[in-house]
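This report refers to the structure that appears directly beneath it.
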Amino acid sequence: MKRRPTWKNATIVSSLAVAALILAVFCLSLGSVSIPIRDVVLSLVGMNGEGSDLIITQFRLPRIVAALLIGAALAVSGSLLQGVIRNPLASPDLLGVTGGASVAVVAFMTAFTSYSIHYVPIIAIAGAFAAASVNYSFAWKKGVTPSRLVLIGIGISTAMSALTMFLLLSGPAYLAAQVLNWMTGSLYGTNWSYIKAIWPWIVALIPLSLLYAKELDIQALGEETAIGLGSRLQMSRMAAMLLSVALAGVAVGIAGTISFIGLLAPHMARKLVGNRYGIVIPTAALIGAIVLLLADLAGRMLFLPLDIPAGVFTAGVGAPFFLYLLFRRKRPGS
């Protein structure tokens with residue numbers, strides 16, 4: 001496994017972090033009401049007394065912060081899954097993880113029309129864990145192999161989609177529009193209550209993911225080699241999957257099923273910084289945050305006064321990217 005220069009990777013990560021910050025400020029200035037960048041900066045440091053201060057700090061800033069957190073969570077979740085399965089085509093969507101979270105949240109919304117947003121991430125994580133547990137149980141045969149996880153995950157994902165639609169159709173009609181909007185992957189209406197509900201999970205789980213970076217590097221050498229090097233293969237594989245499931249569950253609980261970021265961001269990160277997960281994970285997190293920020297900005301700006309869910313744009317970009325990866329892997333010598 002070729003090691004890239006440390007200074008080069010550090011430069012790439014720093015550049016992505018600066019790009020994410022600049023893009024966030026740019027997103028705060030754009031909307032149905034355009035606000036000068038100067039006023040945005042003054043609002044962020046608490047020095048703007050203009051009427052735009054409310055728009056920036058209470059309406060746009062929570063949405064921007066949510067996009068950064070959720071994009072990073074989905075990207076790291078995908079990175080961990082691809083490391084466990086050793087396949088760059090793996091993602092939380094493929095293994096039924098996001099489907100399980102969606103079923104749990106839709107059932108919760110249908111059963112309790114009045115609920116606290118703080119319960120939603122917990123419900124989503126529980127649903128994601130349930131789907132992942134079913135997958136892991138069926139895939140277990142003197143251990144778990146990546147190919148069985150993928151094949152069974154596809155079946156679970158399909159079943160979860162069908163169950164979600166059944167819950168949607170059998171629930172109250174007035175909830176259909178709200179649930180459909182959420183299922184498409186939308187950050188519309190995000191406020192500081194949402195941020196309070198998700199930030200402790202994401203801020204804790206992403207650094208924990210870095211603890212398994214070395215294990216994922218060893219597992220990339222193959223199961224026999226990893227065991228020979230002292231890797232506790234099944235235990236570390238399960239721990240990485242649990243972290244991936246939790247991150248995906250939190251993201252789905254707030255923003256719905258935003259697809260393809262978990263597939264696209266890790267692949268782009270490996271292109272930029274190589275294959276070592278200690279640097280792939282933070283790079284993918286920043287790329288995922290930027291991608292979701294751009295998708296949400298496109299949803300807010302391209303079809304004014306409509307607010308199109310960000311998931312529509314991530315799917316629009318991610319589907320062709322997935323096909324590109326698929327056909328590229330099929331080419332001889334690729």
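Chain labels run A, B, ... following the order of the structure tokens; each chain numbers its residues from 1, and ligands are numbered from 1 in the order shown.
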Which polymer residues have any atom within 10 Å of an atom of A:Val18, counting only C-alpha atoms, with same-chain residues fewer than 6 positions away left out, as a list in words?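 Everything that qualifies: Ile12, Ala24 and Leu286 of chain A.
Interatomic distance, atom CA of A:Leu89 against atom CA of A:Phe260: 10.1 Å.
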Contact residues around A:Phe166 with only C-alpha atoms at 12 Å, ignoring same-chain residues under 4 positions, as JSON, numbers by chain: {"A": [103, 106, 107, 110, 159, 160, 161, 162, 170, 171, 172, 176]}
Could you write out that same residue set with N, CA, C and O atoms as a PDB file, in the first residue's frame?
```pdb
ATOM      1  N   VAL A 103     -37.596   2.976   8.231  1.00  0.00           N
ATOM      2  CA  VAL A 103     -38.775   2.262   8.722  1.00  0.00           C
ATOM      3  C   VAL A 103     -39.087   2.666  10.159  1.00  0.00           C
ATOM      4  O   VAL A 103     -40.236   2.951  10.515  1.00  0.00           O
ATOM      5  N   VAL A 106     -40.374   6.395  10.265  1.00  0.00           N
ATOM      6  CA  VAL A 106     -41.723   6.531   9.690  1.00  0.00           C
ATOM      7  C   VAL A 106     -42.759   5.920  10.629  1.00  0.00           C
ATOM      8  O   VAL A 106     -43.844   6.485  10.844  1.00  0.00           O
ATOM      9  N   ALA A 107     -42.447   4.762  11.210  1.00  0.00           N
ATOM     10  CA  ALA A 107     -43.356   4.136  12.178  1.00  0.00           C
ATOM     11  C   ALA A 107     -43.560   5.039  13.391  1.00  0.00           C
ATOM     12  O   ALA A 107     -44.680   5.189  13.904  1.00  0.00           O
ATOM     13  N   THR A 110     -45.708   8.013  12.436  1.00  0.00           N
ATOM     14  CA  THR A 110     -47.095   7.599  12.229  1.00  0.00           C
ATOM     15  C   THR A 110     -47.801   7.329  13.551  1.00  0.00           C
ATOM     16  O   THR A 110     -48.971   7.674  13.739  1.00  0.00           O
ATOM     17  N   ALA A 159     -36.631  -5.036   1.225  1.00  0.00           N
ATOM     18  CA  ALA A 159     -37.730  -5.284   2.160  1.00  0.00           C
ATOM     19  C   ALA A 159     -38.054  -4.035   2.977  1.00  0.00           C
ATOM     20  O   ALA A 159     -39.231  -3.719   3.214  1.00  0.00           O
ATOM     21  N   MET A 160     -37.026  -3.291   3.403  1.00  0.00           N
ATOM     22  CA  MET A 160     -37.248  -2.076   4.184  1.00  0.00           C
ATOM     23  C   MET A 160     -37.972  -1.008   3.359  1.00  0.00           C
ATOM     24  O   MET A 160     -38.818  -0.278   3.866  1.00  0.00           O
ATOM     25  N   SER A 161     -37.628  -0.916   2.076  1.00  0.00           N
ATOM     26  CA  SER A 161     -38.316   0.051   1.202  1.00  0.00           C
ATOM     27  C   SER A 161     -39.798  -0.283   1.091  1.00  0.00           C
ATOM     28  O   SER A 161     -40.658   0.609   1.163  1.00  0.00           O
ATOM     29  N   ALA A 162     -40.098  -1.569   0.932  1.00  0.00           N
ATOM     30  CA  ALA A 162     -41.502  -1.984   0.830  1.00  0.00           C
ATOM     31  C   ALA A 162     -42.249  -1.709   2.133  1.00  0.00           C
ATOM     32  O   ALA A 162     -43.394  -1.235   2.122  1.00  0.00           O
ATOM     33  N   SER A 170     -50.544   3.317   4.983  1.00  0.00           N
ATOM     34  CA  SER A 170     -51.508   2.930   6.014  1.00  0.00           C
ATOM     35  C   SER A 170     -51.646   3.978   7.116  1.00  0.00           C
ATOM     36  O   SER A 170     -52.548   3.886   7.951  1.00  0.00           O
ATOM     37  N   GLY A 171     -50.765   4.974   7.138  1.00  0.00           N
ATOM     38  CA  GLY A 171     -50.819   6.005   8.170  1.00  0.00           C
ATOM     39  C   GLY A 171     -51.799   7.107   7.828  1.00  0.00           C
ATOM     40  O   GLY A 171     -52.443   7.094   6.775  1.00  0.00           O
ATOM     41  N   PRO A 172     -51.921   8.109   8.696  1.00  0.00           N
ATOM     42  CA  PRO A 172     -52.830   9.233   8.449  1.00  0.00           C
ATOM     43  C   PRO A 172     -52.448   9.977   7.174  1.00  0.00           C
ATOM     44  O   PRO A 172     -51.271  10.217   6.905  1.00  0.00           O
ATOM     45  N   ALA A 176     -48.672  12.264   5.134  1.00  0.00           N
ATOM     46  CA  ALA A 176     -48.012  11.741   3.938  1.00  0.00           C
ATOM     47  C   ALA A 176     -47.024  12.736   3.340  1.00  0.00           C
ATOM     48  O   ALA A 176     -45.885  12.383   3.013  1.00  0.00           O
TER      49      ALA A 176
END
```
With distances taken over only C-alpha atoms, the candidate from A:Ile258, A:Ile287, A:Ala173, A:Ala319 nearest A:Ala75 is A:Ile287
Could you check the closest approach to A:Met109 for each of A:Val76, A:Leu151, A:Leu175, A:Leu44 and tell me which residue wins, using only C-alpha atoms? A:Leu175
Contact table stretch 8-57 of chain A vs stretch 293-300 of chain A, cut-off 10 Å, shortest pair per residue, only C-alpha atoms, as a tab-separated table:
```
residue	atom	partner	partner_atom	distance
A:Ala20	CA	A:Leu293	CA	8.4
A:Leu23	CA	A:Leu293	CA	7.7
A:Ala24	CA	A:Leu293	CA	7.4
A:Phe26	CA	A:Leu297	CA	9.6
A:Cys27	CA	A:Leu297	CA	6.5
A:Leu28	CA	A:Leu297	CA	9.5
A:Leu30	CA	A:Leu297	CA	8.1
A:Gly31	CA	A:Arg300	CA	6.6
A:Ser32	CA	A:Arg300	CA	8.1
```
Name the residues in contact with A:Leu272 at a cut-off of 9 Å, using only C-alpha atoms, excluding same-chain residues fewer than 4 positions from it; report them as a PyMOL selection string. chain A and resi 9+12+267-268+280+283
Name the residues in contact with A:Val250 at a cut-off of 7 Å, using only C-alpha atoms, excluding same-chain residues fewer than 4 positions from it; report them as a PyMOL selection string. chain A and resi 121+124-125+198+246+254
